[in-house]
Amino acid sequence: MVNQVLKTILKRVLQAIPTLLIVVTFTFILTRMIPGNPAQTILGPQATAESIAAMETKLGLDQPKWVQYIDYVLSVLQGDFGTSYSYDQPVTELIAQRIPATLQITIIGLLIAIIIGVCIGIFSALKQYSAGDYIFMVLALVGVSMPIFWLGLMMVKYLAVDLGWFPVSGRGDGSFGDLVYHMVLPCLCLATIPTATFARITRSSMLESIHADSIKALRARGIKEKAIIWKHALKNALPPIVTVLGLQIAGCFTGAILTESIFSWPGMGTLIVKAITNRDYMLIQGAVLFFAIVFIVVNLVVDLVYMIINPRVSYEGGSK
Amino acid sequence: MANNTATAQAKGFAPEYDEELLKRERKANSAWSKLRRNKTAMVGLVIVVVMILLAVCAPLYTQITGFQFNKIDPVHGYLEPGTVVNEGEMAHILGTDKLGRDLLCRLLYGARTSLIVAFGGTIVAGLIGALLGLIAGFFGGWVDSLIMRIMDGMLSFPFILLAIILMTVLGSGLFNVILAIGIGSVPNFARVLRGEVIIVKNAEYCNAARVLGVSNARMLFTHILPNAISPLIVYATLGIAGAIISEAALSFLGLGITEPTPSWGQILYSGKDVMSNHPIISTVSGIFILVTVLGFNLLGDGIRDVMDPKMKK
Amino acid sequence: MSEHVLSVKDLKTYFHTATGIAKAVDGVSFTLDAGKTMGIVGESGSGKSVTATSIMRLLPQNGKIMGGEIDFDGVDMMKLSKKQLVALRGNEIAMIFQDPMTSLDPVFKVGNQMVEMICAHQNVTKEAARAMAIEALGRVGIPNPEKRMDAYPYELSGGMCQRVIIAMAICSHPKIIIADEPTTALDVTVQARVLELLRELQRNLNTGILLITHNLGVVWEMCDDVMVMYAGQTVEKAETKELYAEPLHPYTWGLLDSIPRLSDESKGMLTTIPGVPPDLRLTGECCNFCNRCRYAQDICRTSVPPLVEVKPNHFVACHLQNGTNKLERIITREVETEQTNREAE
């Protein structure tokens with residue numbers, strides 16, 4: 001089976017390369033289509049025509065488009081995502097600076113969501129049609145129906161400003177305790193929608209799993225109910241949950257982009273939004289490309305986990 | 001010869017009684033009746049209908065109260081809920097915004113914008129996506145690979161980033177938002193439909209039809225399309241829910257619907273910097289979004305349960 | 001200590017649906033002795049599988065046992081607690097299902113599942129359980145049992161999966177094995193081997209086997225006694241030899257006649273029983289077979305025929321056959337067959 005796994009890894013990696021190329025091309029074309037002249041934006045409205053022209057040459061904007069494209073692709077392959085116009089720093093450096101903050105709230109938020117969401121889902125499946133099940137599922141539906149940035153606004157206003165339970169903004173003064181204190185609201189905010197999603201998918205997957213024929217046969221063999229639920233039914237229910245996990249990682253990052261500014265959390269989100277306002281091609285390209293690579297890798301890992309927990313899949317040569 | 005059922009007096013074996021049971025069964029199993037039994041779906045339907053009615057009847061509100069969604073009153077600016085500006089006029093139930101416009105009025109007109117964007121974007125995505133999915137699934141081979149590779153590429157972007165970039169390229173405005181959300185949602189529809197086409201294509205009865213010599217196009221329309229429609233409807237309904245949030249998200253970033261056109265997202269955006277003093281603007285607009293999206297989600301879930309309970313959630 | 005290992009009296013299992021109550025099992029009684037095989041025969045929907053699941057108390061949510069007694073080895077099964085039932089299942093009563101592939105958990109190795117089951121019922125270490133499992137696999141005729149322990153169910157064929165399940169069943173020396181169509185999903189050659197295996201086990205362990213099938217050939221080969229079910233009720237019950245020699249119920253005739261024979265001289269159509277089984281929500285008012293029975297009389301359509309012991313250990317539920325209104329059946333039956341043959345030519 002190890003051979004199968006290695007073969008599939010290789011296959012997926014090779015498949016990912018043209019996808020990445022398409023992503024790079026997409027990003028390049030789209031960012032070039034953004035109206036406005038970056039040279040102008042950087043120098044400001046007072047700039048003279050000559051200085052604009054000089055800046056354009058400096059930025060390489062006077063080259064024909066296809067030359068710019070080749071240049072970009074080549075440098076990306078070498079790990080150079082270009083230099084941000086507005087910050088005057090290499091894009092990779094900027095990303096490296098900002099990404100830890102985003103990762104902090106995203107990863108913690110996701111962990112909270114998985115643990116709580118899956119537990120709620122299992123409980124709801126076991127106690128189907130009970131009052132608890134009903135309440136949880138209604139809450140979960142409300143959870144997936146709300147805009148995350150609205151939730152962030154509500155949290156800051158009512159929990160931080162009005163009630164004063166949590167700090168209003170920022171990342172704290174550097175000490176660990178203060179950091180955690182500042183992280184609570186953003187993490188909870190980011191975790192809410194994924195928790196609801198996990199609860200729903202876990203519930204439906206567990207229900208399907210519990211009613212499968214193999215569970216009936218296991219019961220007929222006299223296996224204890226606890227083992228049937230937590231060992232057999234749960235493992236059979238995992239594949240869709242893992243798939244959703246992959247999607248939720250993407251969702252968490254998007255949530256971060258939208259809500260970081262509300263909490264004044266200095267992460268990737270604020271970086272990207274500013275980049276768009278400044279027409280900072282390189283930064284936009286770099287950030288988007290970075291996200292795309294992350295997701296492709298994440299999806300690959302998800303596929304692998306899927307294969308490991310569901311051996312039949314690797315036998316049949318592929319998931320989905 | 002044998003005595004047959006026509007003369008059977010026994011209750012269970014009279015053909016008329018069988019008919020009645022059959023009729024009862026058929027009625028109980030029809031899609032609409034199943035949907036009606038699903039209470040949560042009905043709640044969703046009610047919410048959706050109410051919201052659509054509110055949007056449609058927005059001008060009625062203007063008629064009754066005399067408030068307009070675009071009449072600026074900078075003198076008064078922000079007003080608390082319940083304030084009466086002039087003697088004899090109605091009170092501003094939810095107060096006013098920065099430019100003195102009645103909030104409830106803007107929310108009602110905003111409903112129109114948000115719903116139009118949501119429906120429009122979903123229809124665009126549905127049509128293009130369905131077409132691509134049909135082509136990819138039906139023809140297979142390199143056509144399928146090409147289309148799906150592009151779809152995968154698009155799916156590598158988080159939806160919001162894709163929409164953001166599209167908006168910065170196209171510029172803001174109602175039509176562009178519809179386009180951005182529509183294009184961004186294409187891959188989902190394409191994937192779903194392609195999956196359905198492949199399932200149906202390989203099903204036994206399609207082979208049977210092919211053996212009988214039915215032409216490709218005819219098979220496409222009479223066999224494949226009707227079966228693929230059910231998941232399409234479900235994903236469209238859920239897609240509308242997502243589109244409402246996407247519009248709000250884009251407007252929240254300042255990229256979607258901009259002044260003076262009201263939309264729920266735009267109103268949320270306009271209220272985000274004054275949360276301390278005037279929280280009602282963002283709070284209520286968000287609640288409108290929440291309730292409407294909830295309604296569509298309930299309805300979509302209900303339709304899915306009715307049409308095919310085995311569909312993956 | 002009762003003489004029968006399993007004794008079922010007047011079992012009633014109903015399913016509550018949105019459009020009515022389906023009487024899947026409506027007053028069924030039979031007994032099973034150690035070392036003997038009892039066959040339950042019937043078409044789809046006759047209630048034979050539900051009878052088995054009722055005994056194991058593994059009914060789905062909308063199914064309920066509405067009445068009757070199930071006595072296992074002197075224990076009233078209806079009075080057992082959940083915990084006691086779980087201890088009984090797989091241990092003293094084993095059940096084999098129709099589809100061997102879905103009877104095993106697809107995401108766990110075969111060995112893992114066997115060890116799990118052995119440890120659930122016996123107080124042994126994992127290593128000891130593993131050794132027992134390998135030995136059991138060998139006994140059911142699986143080649144290279146040690147290697148098979150590490151296989152996943154999808155890597156085995158249907159026949160092998162069924163043997164694995166039988167191996168698991170014998171590990172605990174059950175008093176009875178309930179086999180619900182154990183060979184229906186298998187090839188004919190594999191069928192024969194699995195049945196042979198069951199017979200061998202019965203010889204060695206003196207297990208009682210409750211064999212549920214729609215295949216009359218299997219019944220003839222395997223069963224000492226047989227019960228014919230139709231629409232949730234018993235229509236005939238006797239020793240196998242007796243049933244095949246002198247069947248009494250018109251439905252049984254129909255079943256036996258529908259088996260195509262190599263020696264058939266007629267080159268006509270296959271014999272079938274015209275009509276369809278009744279809707280289980282409407283049964284219980286009269287003889288369930290009356291709308292398909294060519295001998296049906298008024299009494300058949302107005303009252304339920306009781307199950308009567310017409311000959312020693314030969315029961316039949318038919319108004320016309322239970323002694324009150326005897327049909328000239330054998331002659332009639334042969335005449336009918338001849339007539340059918342002539343019509344076909």
# chains A, B, ... in the order shown; residues from 1 in each chain; ligands from 1
call {"tool": "closest_atom_pairs", "arguments": {"of": "chain C", "to": "chain A", "cutoff": "8 Å", "atoms": "only C-alpha atoms", "output": "tab-separated table"}}
result
residue	atom	partner	partner_atom	distance
C:Met56	CA	A:Ala220	CA	7.1
C:Leu58	CA	A:Lys216	CA	7.4
C:Leu85	CA	A:Gly222	CA	7.9
C:Val86	CA	A:Gly222	CA	4.7
C:Ala87	CA	A:Gly222	CA	6.1
C:Leu88	CA	A:Gly222	CA	6.9
C:Arg89	CA	A:Gly222	CA	4.5
C:Gly90	CA	A:Arg221	CA	3.8
C:Asn91	CA	A:Gly222	CA	7.1
C:Ala94	CA	A:Arg221	CA	6.8
C:Met95	CA	A:Ala220	CA	6.3
C:Phe97	CA	A:Ala217	CA	7.4
C:Thr102	CA	A:Ser214	CA	5.1
C:Ser103	CA	A:Ser214	CA	4.6
C:Leu104	CA	A:Ser214	CA	5.5
C:Asp105	CA	A:Ser214	CA	5.5
C:Pro106	CA	A:Arg312	CA	7.5
C:Val107	CA	A:Asn310	CA	5.9
C:Glu116	CA	A:Ile223	CA	7.9
C:Met117	CA	A:Ile223	CA	6.5
C:Ala120	CA	A:Ile223	CA	6.2
C:His121	CA	A:Gly222	CA	7.9
C:Tyr152	CA	A:Pro311	CA	7.9
C:Tyr154	CA	A:Arg312	CA	6.9
C:Ala169	CA	A:Arg221	CA	7.9
call {"tool": "write_last_selection", "arguments": {"atoms": "N, CA and C atoms", "output": "short mmCIF file (atom, residue, chain, number, x, y, z; two decimals), in the first residue's frame"}}
result
data_model
loop_
_atom_site.label_atom_id
_atom_site.label_comp_id
_atom_site.auth_asym_id
_atom_site.auth_seq_id
_atom_site.Cartn_x
_atom_site.Cartn_y
_atom_site.Cartn_z
N MET C 56 -33.27 -11.63 16.73
CA MET C 56 -32.05 -10.98 17.19
C MET C 56 -32.33 -9.62 17.80
N LEU C 58 -32.99 -6.86 16.22
CA LEU C 58 -32.21 -5.86 15.46
C LEU C 58 -33.09 -5.12 14.48
N LEU C 85 -28.77 -8.83 25.86
CA LEU C 85 -28.92 -9.13 24.44
C LEU C 85 -27.57 -9.06 23.75
N VAL C 86 -26.82 -8.00 24.04
CA VAL C 86 -25.52 -7.83 23.41
C VAL C 86 -24.60 -9.00 23.76
N ALA C 87 -24.72 -9.50 25.00
CA ALA C 87 -23.88 -10.62 25.39
C ALA C 87 -24.27 -11.89 24.63
N LEU C 88 -25.55 -11.99 24.31
CA LEU C 88 -26.06 -13.16 23.62
C LEU C 88 -25.69 -13.17 22.14
N ARG C 89 -25.76 -11.99 21.53
CA ARG C 89 -25.54 -11.88 20.09
C ARG C 89 -24.11 -12.22 19.73
N GLY C 90 -23.93 -12.98 18.73
CA GLY C 90 -22.59 -13.34 18.28
C GLY C 90 -21.96 -14.37 19.17
N ASN C 91 -22.56 -14.62 20.31
CA ASN C 91 -21.97 -15.53 21.27
C ASN C 91 -22.74 -16.85 21.28
N ALA C 94 -25.65 -16.74 16.60
CA ALA C 94 -24.87 -16.08 15.56
C ALA C 94 -25.76 -15.82 14.36
N MET C 95 -25.47 -14.73 13.65
CA MET C 95 -26.30 -14.45 12.47
C MET C 95 -25.42 -14.20 11.26
N PHE C 97 -25.53 -12.83 7.30
CA PHE C 97 -26.40 -12.05 6.43
C PHE C 97 -26.19 -12.39 4.97
N THR C 102 -20.91 -6.44 2.79
CA THR C 102 -21.32 -5.35 3.67
C THR C 102 -21.49 -5.81 5.10
N SER C 103 -21.19 -7.09 5.38
CA SER C 103 -21.28 -7.53 6.77
C SER C 103 -19.99 -7.26 7.52
N LEU C 104 -18.96 -6.87 6.79
CA LEU C 104 -17.70 -6.52 7.44
C LEU C 104 -17.48 -5.03 7.30
N ASP C 105 -16.87 -4.44 8.31
CA ASP C 105 -16.58 -3.02 8.25
C ASP C 105 -15.45 -2.77 7.24
N PRO C 106 -15.73 -2.00 6.19
CA PRO C 106 -14.74 -1.86 5.12
C PRO C 106 -13.47 -1.13 5.50
N VAL C 107 -13.47 -0.39 6.60
CA VAL C 107 -12.27 0.38 6.89
C VAL C 107 -11.36 -0.27 7.93
N GLU C 116 -11.52 -8.40 17.55
CA GLU C 116 -12.49 -7.59 18.29
C GLU C 116 -13.65 -8.43 18.76
N MET C 117 -14.16 -9.26 17.85
CA MET C 117 -15.34 -10.04 18.20
C MET C 117 -15.02 -11.09 19.25
N ALA C 120 -14.71 -9.60 22.54
CA ALA C 120 -15.97 -9.07 23.07
C ALA C 120 -16.71 -10.14 23.87
N HIS C 121 -16.47 -11.41 23.53
CA HIS C 121 -17.26 -12.45 24.18
C HIS C 121 -16.46 -13.34 25.10
N TYR C 152 -8.01 -6.27 3.90
CA TYR C 152 -9.25 -5.52 4.06
C TYR C 152 -10.37 -6.28 3.35
N TYR C 154 -12.51 -5.55 1.16
CA TYR C 154 -12.67 -5.43 -0.29
C TYR C 154 -11.65 -6.25 -1.06
N ALA C 169 -18.35 -16.64 13.50
CA ALA C 169 -19.50 -17.20 14.21
C ALA C 169 -19.09 -18.42 15.03
#
call {"tool": "residues_around", "arguments": {"residues": "region 48-62 of chain B", "least_positions_apart": "3", "cutoff": "7 Å", "atoms": "only C-alpha atoms", "output": "list in words"}}
result
Gly44, Leu45, Thr65, Gly66, Phe67, Gln68, Leu108, Tyr109, Ala111, Arg112, Thr292, Gly295 and Phe296 of chain B
call {"tool": "interface_residues", "arguments": {"of": "chain A", "to": "chain B", "cutoff": "7 Å", "atoms": "only C-alpha atoms", "output": "ChimeraX atom specification"}}
result
/A:19,22-23,30,33-35,141-142,145-147,150,157,201,250,254,292,295-296
call {"tool": "residues_around", "arguments": {"residues": "Ser261 (chain A)", "least_positions_apart": "5", "cutoff": "10 Å", "atoms": "only C-alpha atoms", "output": "VMD selection string"}}
result
chain A and resid 149 152 169 to 170 256 266 to 267 269 to 271 273
call {"tool": "closest_atom_pairs", "arguments": {"of": "chain C", "to": "chain B", "cutoff": "9 Å", "atoms": "only C-alpha atoms", "output": "JSON lines"}}
result
{"residue": "C:Ala18", "atom": "CA", "partner": "B:Ala28", "partner_atom": "CA", "distance": 8.7}
{"residue": "C:Thr19", "atom": "CA", "partner": "B:Glu25", "partner_atom": "CA", "distance": 7.1}
{"residue": "C:Pro278", "atom": "CA", "partner": "B:Phe13", "partner_atom": "CA", "distance": 7.4}
{"residue": "C:Asp279", "atom": "CA", "partner": "B:Gly12", "partner_atom": "CA", "distance": 7.8}
{"residue": "C:Arg281", "atom": "CA", "partner": "B:Gly12", "partner_atom": "CA", "distance": 8.6}
{"residue": "C:Leu282", "atom": "CA", "partner": "B:Gly12", "partner_atom": "CA", "distance": 5.0}
{"residue": "C:Thr283", "atom": "CA", "partner": "B:Gly12", "partner_atom": "CA", "distance": 6.3}
{"residue": "C:Gly284", "atom": "CA", "partner": "B:Gly12", "partner_atom": "CA", "distance": 8.5}
{"residue": "C:Glu285", "atom": "CA", "partner": "B:Ala10", "partner_atom": "CA", "distance": 7.2}
{"residue": "C:Cys286", "atom": "CA", "partner": "B:Ala10", "partner_atom": "CA", "distance": 6.8}
{"residue": "C:Asn288", "atom": "CA", "partner": "B:Gly12", "partner_atom": "CA", "distance": 8.8}
{"residue": "C:Cys290", "atom": "CA", "partner": "B:Ala8", "partner_atom": "CA", "distance": 8.6}
{"residue": "C:Asn291", "atom": "CA", "partner": "B:Thr5", "partner_atom": "CA", "distance": 5.6}
{"residue": "C:Arg292", "atom": "CA", "partner": "B:Asn4", "partner_atom": "CA", "distance": 7.6}
{"residue": "C:Cys293", "atom": "CA", "partner": "B:Ala2", "partner_atom": "CA", "distance": 7.7}
{"residue": "C:Arg294", "atom": "CA", "partner": "B:Ala2", "partner_atom": "CA", "distance": 4.6}
{"residue": "C:Tyr295", "atom": "CA", "partner": "B:Ala2", "partner_atom": "CA", "distance": 6.6}
{"residue": "C:Ala296", "atom": "CA", "partner": "B:Asn3", "partner_atom": "CA", "distance": 6.6}
{"residue": "C:Gln297", "atom": "CA", "partner": "B:Asn3", "partner_atom": "CA", "distance": 7.8}
{"residue": "C:Asp298", "atom": "CA", "partner": "B:Ala8", "partner_atom": "CA", "distance": 8.2}
{"residue": "C:Cys300", "atom": "CA", "partner": "B:Ala10", "partner_atom": "CA", "distance": 8.9}
{"residue": "C:Arg301", "atom": "CA", "partner": "B:Ala10", "partner_atom": "CA", "distance": 5.2}
{"residue": "C:Thr302", "atom": "CA", "partner": "B:Ala10", "partner_atom": "CA", "distance": 5.9}
{"residue": "C:Ser303", "atom": "CA", "partner": "B:Ala10", "partner_atom": "CA", "distance": 8.8}
call {"tool": "write_last_selection", "arguments": {"atoms": "N, CA and C atoms", "output": "short mmCIF file (atom, residue, chain, number, x, y, z; two decimals), in the first residue's frame"}}
result
data_model
loop_
_atom_site.label_atom_id
_atom_site.label_comp_id
_atom_site.auth_asym_id
_atom_site.auth_seq_id
_atom_site.Cartn_x
_atom_site.Cartn_y
_atom_site.Cartn_z
N ALA C 18 -45.71 5.96 7.18
CA ALA C 18 -46.53 7.16 7.05
C ALA C 18 -47.91 6.85 6.52
N THR C 19 -48.03 5.73 5.77
CA THR C 19 -49.32 5.44 5.16
C THR C 19 -50.00 4.21 5.75
N PRO C 278 -50.17 -9.46 -1.55
CA PRO C 278 -50.96 -8.33 -1.10
C PRO C 278 -50.11 -7.29 -0.38
N ASP C 279 -50.65 -6.08 -0.30
CA ASP C 279 -50.00 -5.02 0.45
C ASP C 279 -50.08 -5.37 1.94
N ARG C 281 -50.11 -3.72 4.43
CA ARG C 281 -50.89 -2.85 5.29
C ARG C 281 -52.36 -3.26 5.29
N LEU C 282 -52.71 -4.13 4.37
CA LEU C 282 -54.12 -4.47 4.22
C LEU C 282 -54.44 -5.90 4.63
N THR C 283 -53.44 -6.65 5.04
CA THR C 283 -53.66 -8.07 5.31
C THR C 283 -54.31 -8.27 6.67
N GLY C 284 -54.71 -9.51 6.90
CA GLY C 284 -55.22 -9.86 8.22
C GLY C 284 -56.71 -10.07 8.28
N GLU C 285 -57.41 -9.85 7.17
CA GLU C 285 -58.86 -9.98 7.22
C GLU C 285 -59.32 -11.32 6.65
N CYS C 286 -58.47 -11.90 5.80
CA CYS C 286 -58.89 -13.14 5.15
C CYS C 286 -57.64 -13.90 4.78
N ASN C 288 -54.54 -14.59 2.96
CA ASN C 288 -53.72 -13.66 2.18
C ASN C 288 -53.49 -14.11 0.75
N CYS C 290 -55.77 -15.55 -1.22
CA CYS C 290 -57.00 -15.87 -1.95
C CYS C 290 -57.08 -15.20 -3.31
N ASN C 291 -56.43 -14.05 -3.50
CA ASN C 291 -56.56 -13.39 -4.81
C ASN C 291 -55.69 -14.02 -5.88
N ARG C 292 -54.86 -14.99 -5.48
CA ARG C 292 -54.02 -15.64 -6.49
C ARG C 292 -54.31 -17.14 -6.57
N CYS C 293 -55.22 -17.56 -5.72
CA CYS C 293 -55.43 -19.01 -5.59
C CYS C 293 -56.55 -19.43 -6.52
N ARG C 294 -56.30 -20.44 -7.32
CA ARG C 294 -57.32 -20.83 -8.28
C ARG C 294 -58.44 -21.62 -7.64
N TYR C 295 -58.28 -21.94 -6.38
CA TYR C 295 -59.34 -22.72 -5.71
C TYR C 295 -60.13 -21.88 -4.72
N ALA C 296 -59.88 -20.58 -4.71
CA ALA C 296 -60.47 -19.74 -3.67
C ALA C 296 -61.99 -19.82 -3.65
N GLN C 297 -62.52 -19.96 -2.42
CA GLN C 297 -63.97 -19.96 -2.23
C GLN C 297 -64.35 -18.76 -1.40
N ASP C 298 -65.64 -18.60 -1.17
CA ASP C 298 -66.11 -17.45 -0.39
C ASP C 298 -65.50 -17.43 1.00
N CYS C 300 -62.73 -18.33 1.90
CA CYS C 300 -61.35 -17.87 1.87
C CYS C 300 -61.26 -16.36 1.90
N ARG C 301 -62.27 -15.70 1.34
CA ARG C 301 -62.20 -14.25 1.25
C ARG C 301 -62.79 -13.56 2.46
N THR C 302 -63.32 -14.32 3.37
CA THR C 302 -63.95 -13.65 4.50
C THR C 302 -63.32 -13.98 5.85
N SER C 303 -62.58 -15.06 5.95
CA SER C 303 -61.97 -15.35 7.24
C SER C 303 -60.57 -15.91 7.09
#
call {"tool": "residues_around", "arguments": {"residues": "region 93-95 of chain A", "least_positions_apart": "4", "cutoff": "8 Å", "atoms": "only C-alpha atoms", "output": "list in words"}}
result
Gln89, Ile99, Met268 and Ala287 of chain A
call {"tool": "residues_around", "arguments": {"residues": "Arg36 (chain B)", "least_positions_apart": "6", "cutoff": "10 Å", "atoms": "only C-alpha atoms", "output": "PyMOL selection string"}}
result
chain B and resi 42-43+45+302+306
call {"tool": "write_last_selection", "arguments": {"atoms": "C-alpha atoms", "output": "short mmCIF file (atom, residue, chain, number, x, y, z; two decimals), in the first residue's frame"}}
result
data_model
loop_
_atom_site.label_atom_id
_atom_site.label_comp_id
_atom_site.auth_asym_id
_atom_site.auth_seq_id
_atom_site.Cartn_x
_atom_site.Cartn_y
_atom_site.Cartn_z
CA MET B 42 -41.64 25.63 4.81
CA VAL B 43 -40.22 28.09 7.30
CA LEU B 45 -39.99 29.31 2.01
CA GLY B 302 -35.58 21.05 2.28
CA VAL B 306 -37.21 15.95 -0.94
#
call {"tool": "residues_around", "arguments": {"residues": "Ile241 (chain A)", "least_positions_apart": "3", "cutoff": "9 Å", "atoms": "only C-alpha atoms", "output": "PDB file with N, CA and C atoms, in the first residue's frame"}}
result
ATOM      1  N   VAL A 118     -17.293  18.571  15.570  1.00  0.00           N
ATOM      2  CA  VAL A 118     -17.454  17.121  15.423  1.00  0.00           C
ATOM      3  C   VAL A 118     -18.200  16.541  16.619  1.00  0.00           C
ATOM      4  N   PHE A 198     -18.925  21.945  10.464  1.00  0.00           N
ATOM      5  CA  PHE A 198     -18.497  20.629  10.898  1.00  0.00           C
ATOM      6  C   PHE A 198     -19.618  19.891  11.606  1.00  0.00           C
ATOM      7  N   ILE A 201     -22.032  18.534   8.872  1.00  0.00           N
ATOM      8  CA  ILE A 201     -21.532  17.450   8.039  1.00  0.00           C
ATOM      9  C   ILE A 201     -21.276  16.220   8.889  1.00  0.00           C
ATOM     10  N   THR A 202     -20.804  16.404  10.131  1.00  0.00           N
ATOM     11  CA  THR A 202     -20.575  15.250  10.997  1.00  0.00           C
ATOM     12  C   THR A 202     -21.887  14.545  11.280  1.00  0.00           C
ATOM     13  N   SER A 205     -23.077  12.693   8.157  1.00  0.00           N
ATOM     14  CA  SER A 205     -22.208  11.574   7.828  1.00  0.00           C
ATOM     15  C   SER A 205     -22.348  10.452   8.850  1.00  0.00           C
ATOM     16  N   ALA A 237     -17.482   7.433   9.034  1.00  0.00           N
ATOM     17  CA  ALA A 237     -18.068   8.742   8.762  1.00  0.00           C
ATOM     18  C   ALA A 237     -17.015   9.781   8.413  1.00  0.00           C
ATOM     19  N   LEU A 238     -15.735   9.458   8.625  1.00  0.00           N
ATOM     20  CA  LEU A 238     -14.706  10.474   8.461  1.00  0.00           C
ATOM     21  C   LEU A 238     -14.523  11.077   7.062  1.00  0.00           C
ATOM     22  N   VAL A 244     -14.487  18.261   3.996  1.00  0.00           N
ATOM     23  CA  VAL A 244     -14.942  19.571   4.459  1.00  0.00           C
ATOM     24  C   VAL A 244     -13.811  20.313   5.146  1.00  0.00           C
ATOM     25  N   LEU A 245     -12.961  19.555   5.843  1.00  0.00           N
ATOM     26  CA  LEU A 245     -11.836  20.195   6.509  1.00  0.00           C
ATOM     27  C   LEU A 245     -10.982  20.951   5.503  1.00  0.00           C
ATOM     28  N   GLY A 246     -10.709  20.305   4.386  1.00  0.00           N
ATOM     29  CA  GLY A 246      -9.937  20.971   3.351  1.00  0.00           C
ATOM     30  C   GLY A 246     -10.578  22.275   2.903  1.00  0.00           C
TER      31      GLY A 246
END
call {"tool": "residues_around", "arguments": {"residues": "region 241-253 of chain C", "least_positions_apart": "4", "cutoff": "9 Å", "atoms": "only C-alpha atoms", "output": "list of chain:residue names"}}
result
C:Trp220, C:Asp224, C:Asp225, C:Val226, C:Val228, C:Tyr230, C:Val235, C:Glu236, C:Lys237, C:Asp257, C:Ser258, C:Ile273, C:Phe289, C:Arg292, C:Cys293, C:Arg294, C:Tyr295, C:His314, C:Phe315, C:Val316, C:Ala317, C:Cys318, C:Leu320, C:Gln321, C:Arg329, C:Ile330, C:Arg333
call {"tool": "write_last_selection", "arguments": {"atoms": "C-alpha atoms", "output": "compact mmCIF listing (two decimals), in the first residue's frame"}}
result
# COMPACT_ATOMS: atom_id res chain seq x y z
CA TRP C 220 -34.10 -29.86 0.12
CA ASP C 224 -34.70 -31.14 8.29
CA ASP C 225 -37.88 -29.11 8.72
CA VAL C 226 -39.28 -26.34 6.61
CA VAL C 228 -43.35 -21.77 4.11
CA TYR C 230 -46.45 -15.89 2.64
CA VAL C 235 -48.97 -21.22 5.22
CA GLU C 236 -47.41 -24.62 5.64
CA LYS C 237 -44.96 -26.27 8.00
CA ASP C 257 -44.27 -26.14 -9.80
CA SER C 258 -42.34 -23.05 -10.70
CA ILE C 273 -48.21 -17.96 -9.87
CA PHE C 289 -53.38 -15.91 -0.83
CA ARG C 292 -54.02 -15.64 -6.49
CA CYS C 293 -55.43 -19.01 -5.59
CA ARG C 294 -57.32 -20.83 -8.28
CA TYR C 295 -59.34 -22.72 -5.71
CA HIS C 314 -47.54 -31.31 9.16
CA PHE C 315 -49.33 -27.98 9.54
CA VAL C 316 -51.24 -26.07 6.90
CA ALA C 317 -53.22 -22.85 6.90
CA CYS C 318 -55.89 -23.31 4.29
CA LEU C 320 -59.89 -26.12 1.97
CA GLN C 321 -57.07 -28.30 3.22
CA ARG C 329 -55.84 -32.00 -4.37
CA ILE C 330 -53.31 -34.44 -5.64
CA ARG C 333 -52.87 -30.80 -9.02
call {"tool": "closest_residue", "arguments": {"among": "C:Arg139, C:Asp150, C:Cys161, C:Ala133", "to": "Cys119 (chain C)", "atoms": "only C-alpha atoms"}}
result
C:Ala133
call {"tool": "atom_distance", "arguments": {"atom1": "CA of Val310 (chain C)", "atom2": "CA of Glu3 (chain C)"}}
result
23.1 Å
call {"tool": "select_by_dssp", "arguments": {"residues": "region 166-287 of chain C", "states": "alpha helix (DSSP H)", "output": "PyMOL selection string"}}
result
chain C and resi 166-171+188-205+216-222+240-245+250-257
call {"tool": "select_by_dssp", "arguments": {"residues": "region 45-229 of chain B", "states": "strand (DSSP E or B)", "output": "MDAnalysis selection string"}}
result
chainID B and resid 79 83 92 96 102
